[in-house]
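K.L.:
I have a structure here, written as structure tokens, and I will follow up with some questions on it.
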Amino acid sequence: MKKAILLPRKYIQGRGLISEIGAYAAILGKKAVVLWGATTKKTVGEAVLASLKAAGVEYTDVHFNGECTKEEADRVAGIAKNGHESVIGIGGGKVIDAAKAVAIYAKLPHIIVPTVASNDSPTSACTVWYDDHGVMTGFDLWPSNPDYILVDTQVIANAPIRYLKAGIGDAMATWFEAEASYASRAVTCSGGIPTMTAMAMAKLCYETLKEYGLSAIESAKVHAVTPALEKVVEASVLLSGIGWESGGLATAHGVGNGLPALPETHELLHGEKVAFGIMTQLCIDDSLPTCLVEETAEFLVRVGLPVTFEEVHLDKVSPERLKKWAEDFTGPGNFVHNHNFKVCAGDLYDALFAADALGKKVKACLGKCC
């Protein structure tokens, strides 16, 4: 089977990069669409627009409507096609995904500027689609990754700590899912089976998060950019982004992407849902050593990610609805089938309850020790 890996054109990370956006935009052209939401514009708008003006880049300021729908991407692409030379997406995962789609539709290069490290969307050639109610409806894989990804670590450090924790949850799944995909020779979003490079990046992602994750959280609590924070942001955005896209996905994202179908989970961030998906994968894969399962569950608890039904609001969902959900999300094409063993609806249903029990056990043990 063929192997393949997807990579962005250039990734730049560091403190104060938001003020350099104009220099990179100018490389791509003299007129850009800037897509962002109201909160993002309030937070970084002055620095972004001043940088574009200083670089001689004209811009059209476009407000993001809040959901990454195909209708929203079509709307903004219509604006982008009107004499613009690049697309700049600034904000969280949904606005970033929308900007990638806009760039493809308008056949323009694009710059991605995440203002939170809550997920690994910025580096990928993928857009996840939602409906107007925030329910995932599917995804598209684009021919190429973003041209430039600018990650200002001071902006990341200034964001609410919940987003950094969610990013760690999303990224922590990367290695486990890549290992599962490699073992089953699953074809990844790159169009081939995982390469050695993707597998190495997935493993480095896991190791970096385990070693520096808790320190990075403490740094971010006081808005400090430290070596630990820099490492964890790189792991959550770059290593995880390439690691999942070219390493593969499995049960962790099968659960994380599926939970939005349950309205009770809508207020959770993507990485928080994936964290519970990791717990589920730990309980469905009998090839994982017990010590690794317990260490990983303990790490998720120490980070402050949801590991129980109560924390992901599944305690409000009846067993009958959970069974129906498990049946819906073990259909053909779901990521839960990227294991080298069969996963049926009953397996997934039982693993959910096992994950809840494991989460409760670890939280109780840590509560007694701390």
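Here's how to read the names in the structure tokens: chain A, B, ... by the order shown, residue numbers from 1 in each chain, ligand numbers from 1 in the order shown.
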Applying 7 Å and only C-alpha atoms, which residues near stretch 311-314 of chain A remain after dropping the ones on its own chain fewer than 3 positions away? List them as an MDAnalysis selection string.
P.N.:
chainID A and resid 264:265 306:308 317
K.L.:
Just C-alpha atoms for this one: save the residues we selected as a compact mmCIF listing (two decimals), in the first residue's frame.
P.N.:
```txt
# COMPACT_ATOMS: atom_id res chain seq x y z
CA GLU A 264 -26.55 17.62 26.04
CA THR A 265 -22.89 17.84 24.99
CA PRO A 306 -13.70 15.40 31.42
CA VAL A 307 -13.38 11.66 32.03
CA THR A 308 -16.82 10.71 33.39
CA VAL A 317 -28.78 10.75 28.41
```
K.L.:
Give me the residues near A:Glu310 as an NGL selection string, where near means some atom within 12 Å (using only C-alpha atoms) and where sequence neighbours in that chain fewer than 6 positions away do not count.
P.N.:
:A and (264-265 or 276 or 316-317 or 353 or 355-357 or 359-360)
K.L.:
Using only C-alpha atoms, find the one residue out of A:Gly14, A:Gly271, A:Gly192, A:Pro8 that sits nearest to A:Thr226.
P.N.:
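Of all the options, A:Gly14 lies closest to A:Thr226.
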K.L.:
Within 7 Å of stretch 41-56 of chain A, counting only C-alpha atoms, which residues qualify if same-chain residues fewer than 2 places away don't, as a list of chain:residue names?
P.N.:
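These residues fall inside the cut-off: A:Ile18, A:Ser19, A:Glu20, A:Ile21, A:Gly22, A:Ala23, A:Ala26, A:Lys30, A:Trp36, A:Gly37, A:Ala38, A:Thr39, A:Glu58.
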K.L.:
Would you write out those residues with N, CA and C atoms, as a short mmCIF file (atom, residue, chain, number, x, y, z; two decimals), in the first residue's frame?
P.N.:
```cif
data_model
loop_
_atom_site.label_atom_id
_atom_site.label_comp_id
_atom_site.auth_asym_id
_atom_site.auth_seq_id
_atom_site.Cartn_x
_atom_site.Cartn_y
_atom_site.Cartn_z
N ILE A 18 1.61 38.15 16.01
CA ILE A 18 0.39 38.76 15.48
C ILE A 18 0.70 40.09 14.80
N SER A 19 1.76 40.76 15.25
CA SER A 19 2.13 42.06 14.68
C SER A 19 2.93 41.91 13.40
N GLU A 20 3.25 40.68 13.00
CA GLU A 20 4.01 40.44 11.78
C GLU A 20 3.15 39.89 10.64
N ILE A 21 1.86 39.81 10.87
CA ILE A 21 0.97 39.19 9.89
C ILE A 21 1.01 39.90 8.54
N GLY A 22 1.19 41.22 8.57
CA GLY A 22 1.23 41.97 7.33
C GLY A 22 2.36 41.56 6.41
N ALA A 23 3.53 41.26 6.98
CA ALA A 23 4.68 40.86 6.18
C ALA A 23 4.41 39.57 5.43
N ALA A 26 1.68 40.16 2.67
CA ALA A 26 2.20 40.87 1.51
C ALA A 26 2.88 39.93 0.51
N LYS A 30 -1.65 41.86 -2.43
CA LYS A 30 -1.87 43.19 -1.86
C LYS A 30 -3.31 43.43 -1.40
N TRP A 36 -12.97 36.75 10.72
CA TRP A 36 -12.85 36.58 12.16
C TRP A 36 -14.18 36.90 12.84
N GLY A 37 -14.26 36.54 14.11
CA GLY A 37 -15.45 36.85 14.90
C GLY A 37 -15.24 38.11 15.72
N ALA A 38 -16.32 38.57 16.36
CA ALA A 38 -16.27 39.82 17.11
C ALA A 38 -15.28 39.77 18.27
N THR A 39 -15.25 38.66 19.01
CA THR A 39 -14.35 38.55 20.16
C THR A 39 -12.90 38.58 19.71
N GLU A 58 -4.17 45.91 1.46
CA GLU A 58 -5.57 46.28 1.62
C GLU A 58 -6.34 45.07 2.15
#
```
K.L.:
Set the distance at 8 Å and use only C-alpha atoms: which residues neighbour stretch 70-82 of chain A once local chain neighbours fewer than 6 positions away are removed? I'd like the list as a list of chain:residue names.
P.N.:
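So the residues in contact are A:Ala32, A:Val33, A:Val62, A:Phe64, A:Ala98, A:Ala99, A:Ala101, A:Val102, A:Ala103, A:Tyr105, A:Ala106, A:Trp129.
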K.L.:
Considering only C-alpha atoms, can you say which of A:Ser121, A:Thr69, A:Thr188, A:Ser86 comes closest to A:Gly333?
P.N.:
A:Thr188
K.L.:
Between atom CA of A:Trp142 and atom CA of A:His110, what is the distance, to one decimal in Å?
P.N.:
12.7 Å
K.L.:
Contacts of A:Leu238 at 12 Å or less, counting only C-alpha atoms, minus same-chain residues fewer than 3 places along, as a PyMOL selection string?
P.N.:
chain A and resi 6-8+10-13+114+117+119-124+145+149-151+167+171+174+198+201-202+204-205+230-235+241-245
K.L.:
Could you please take those selected residues and save C-alpha atoms as a PDB file, in the first residue's frame?
P.N.:
```pdb
ATOM      1  CA  LEU A   6       0.380  16.167   4.275  1.00  0.00           C
ATOM      2  CA  LEU A   7       2.392  19.200   5.403  1.00  0.00           C
ATOM      3  CA  PRO A   8       1.736  22.962   5.556  1.00  0.00           C
ATOM      4  CA  LYS A  10       5.292  27.142   6.510  1.00  0.00           C
ATOM      5  CA  TYR A  11       4.638  27.094  10.273  1.00  0.00           C
ATOM      6  CA  ILE A  12       5.790  30.007  12.423  1.00  0.00           C
ATOM      7  CA  GLN A  13       5.392  30.181  16.202  1.00  0.00           C
ATOM      8  CA  PRO A 114      -5.220  30.560  15.690  1.00  0.00           C
ATOM      9  CA  ALA A 117      -4.688  26.262  21.038  1.00  0.00           C
ATOM     10  CA  ASN A 119      -7.521  21.913  18.717  1.00  0.00           C
ATOM     11  CA  ASP A 120      -5.188  20.889  15.892  1.00  0.00           C
ATOM     12  CA  SER A 121      -7.224  22.346  13.027  1.00  0.00           C
ATOM     13  CA  PRO A 122      -4.776  25.118  11.998  1.00  0.00           C
ATOM     14  CA  THR A 123      -2.264  22.897  10.180  1.00  0.00           C
ATOM     15  CA  SER A 124      -4.678  20.539   8.462  1.00  0.00           C
ATOM     16  CA  ASN A 145      -2.627  22.561   3.673  1.00  0.00           C
ATOM     17  CA  ILE A 149       0.287  29.234   9.925  1.00  0.00           C
ATOM     18  CA  LEU A 150       1.147  31.973  12.435  1.00  0.00           C
ATOM     19  CA  VAL A 151       0.867  31.059  16.118  1.00  0.00           C
ATOM     20  CA  GLY A 167      -6.138  21.383  22.961  1.00  0.00           C
ATOM     21  CA  ALA A 171      -3.671  16.261  20.877  1.00  0.00           C
ATOM     22  CA  THR A 174      -2.997  11.593  18.307  1.00  0.00           C
ATOM     23  CA  ALA A 198       3.781  10.956  10.870  1.00  0.00           C
ATOM     24  CA  MET A 201       5.466  13.159  15.188  1.00  0.00           C
ATOM     25  CA  ALA A 202       2.481  11.504  16.858  1.00  0.00           C
ATOM     26  CA  LEU A 204       6.662  13.084  20.072  1.00  0.00           C
ATOM     27  CA  CYS A 205       3.325  14.836  20.552  1.00  0.00           C
ATOM     28  CA  GLU A 230       5.932  26.863  23.690  1.00  0.00           C
ATOM     29  CA  LYS A 231       6.497  23.096  23.562  1.00  0.00           C
ATOM     30  CA  VAL A 232       2.887  22.229  24.386  1.00  0.00           C
ATOM     31  CA  VAL A 233       1.482  24.697  21.862  1.00  0.00           C
ATOM     32  CA  GLU A 234       3.732  23.213  19.170  1.00  0.00           C
ATOM     33  CA  ALA A 235       2.616  19.717  20.158  1.00  0.00           C
ATOM     34  CA  GLY A 241      -2.199  18.430  13.315  1.00  0.00           C
ATOM     35  CA  ILE A 242       0.189  16.496  11.124  1.00  0.00           C
ATOM     36  CA  GLY A 243       0.008  13.432  13.351  1.00  0.00           C
ATOM     37  CA  TRP A 244      -3.755  12.982  13.078  1.00  0.00           C
ATOM     38  CA  GLU A 245      -4.069  13.917   9.426  1.00  0.00           C
TER      39      GLU A 245
END
```
K.L.:
Report, in Å to a single decimal, how far apart atom CA of A:Cys291 and atom CA of A:Glu207 are.
P.N.:
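Distance between the two atoms: 15.5 Å.
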K.L.:
Any idea what the distance is between atom CA of A:Ala178 and atom CA of A:Ile96?
P.N.:
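Interatomic distance, atom CA of A:Ala178 to atom CA of A:Ile96: 23.7 Å.
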K.L.:
Stretch 282-358 of chain A: which residues are alpha helix (DSSP H) by DSSP, as a ChimeraX atom specification?
P.N.:
/A:282-284,290-303,319-328,345-358
K.L.:
Please dump the current selection as a short mmCIF file (atom, residue, chain, number, x, y, z; two decimals), in the first residue's frame; keep C-alpha atoms.
P.N.:
```
data_model
loop_
_atom_site.label_atom_id
_atom_site.label_comp_id
_atom_site.auth_asym_id
_atom_site.auth_seq_id
_atom_site.Cartn_x
_atom_site.Cartn_y
_atom_site.Cartn_z
CA LEU A 282 -8.42 3.00 26.34
CA CYS A 283 -11.29 0.74 27.38
CA ILE A 284 -11.95 -0.83 23.97
CA THR A 290 -2.82 -1.53 32.03
CA CYS A 291 -0.12 0.81 33.29
CA LEU A 292 -0.41 2.96 30.14
CA VAL A 293 -4.20 3.07 30.45
CA GLU A 294 -4.05 4.19 34.08
CA GLU A 295 -1.24 6.70 33.50
CA THR A 296 -3.12 8.28 30.62
CA ALA A 297 -6.39 8.48 32.53
CA GLU A 298 -4.57 10.03 35.49
CA PHE A 299 -2.93 12.61 33.23
CA LEU A 300 -6.29 13.62 31.75
CA VAL A 301 -7.70 14.05 35.26
CA ARG A 302 -4.70 16.15 36.38
CA VAL A 303 -5.08 18.38 33.34
CA PRO A 319 -29.30 4.17 28.14
CA GLU A 320 -31.72 3.72 25.24
CA ARG A 321 -30.49 6.89 23.56
CA LEU A 322 -26.87 5.90 24.17
CA LYS A 323 -27.51 2.53 22.54
CA LYS A 324 -29.05 4.24 19.53
CA TRP A 325 -26.11 6.66 19.39
CA ALA A 326 -23.63 3.74 19.48
CA GLU A 327 -25.51 2.06 16.63
CA ASP A 328 -25.42 5.26 14.56
CA ALA A 345 -22.32 -1.07 18.56
CA GLY A 346 -22.34 -3.22 21.69
CA ASP A 347 -18.57 -2.89 22.06
CA LEU A 348 -18.74 0.88 21.84
CA TYR A 349 -21.70 1.09 24.21
CA ASP A 350 -19.93 -1.02 26.83
CA ALA A 351 -16.69 0.94 26.40
CA LEU A 352 -18.52 4.17 27.20
CA PHE A 353 -19.60 2.79 30.56
CA ALA A 354 -16.16 1.32 31.19
CA ALA A 355 -14.62 4.74 30.48
CA ASP A 356 -16.98 6.35 32.98
CA ALA A 357 -16.05 3.76 35.61
CA LEU A 358 -12.32 4.22 34.94
#
```
K.L.:
Between A:Gly248, A:Gly304, A:Gly66, A:Gly258, which residue has the minimum interatomic distance to A:Gly138, considering only C-alpha atoms?
P.N.:
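Of A:Gly248, A:Gly304, A:Gly66, A:Gly258, the one nearest A:Gly138 is A:Gly258, counting only C-alpha atoms.
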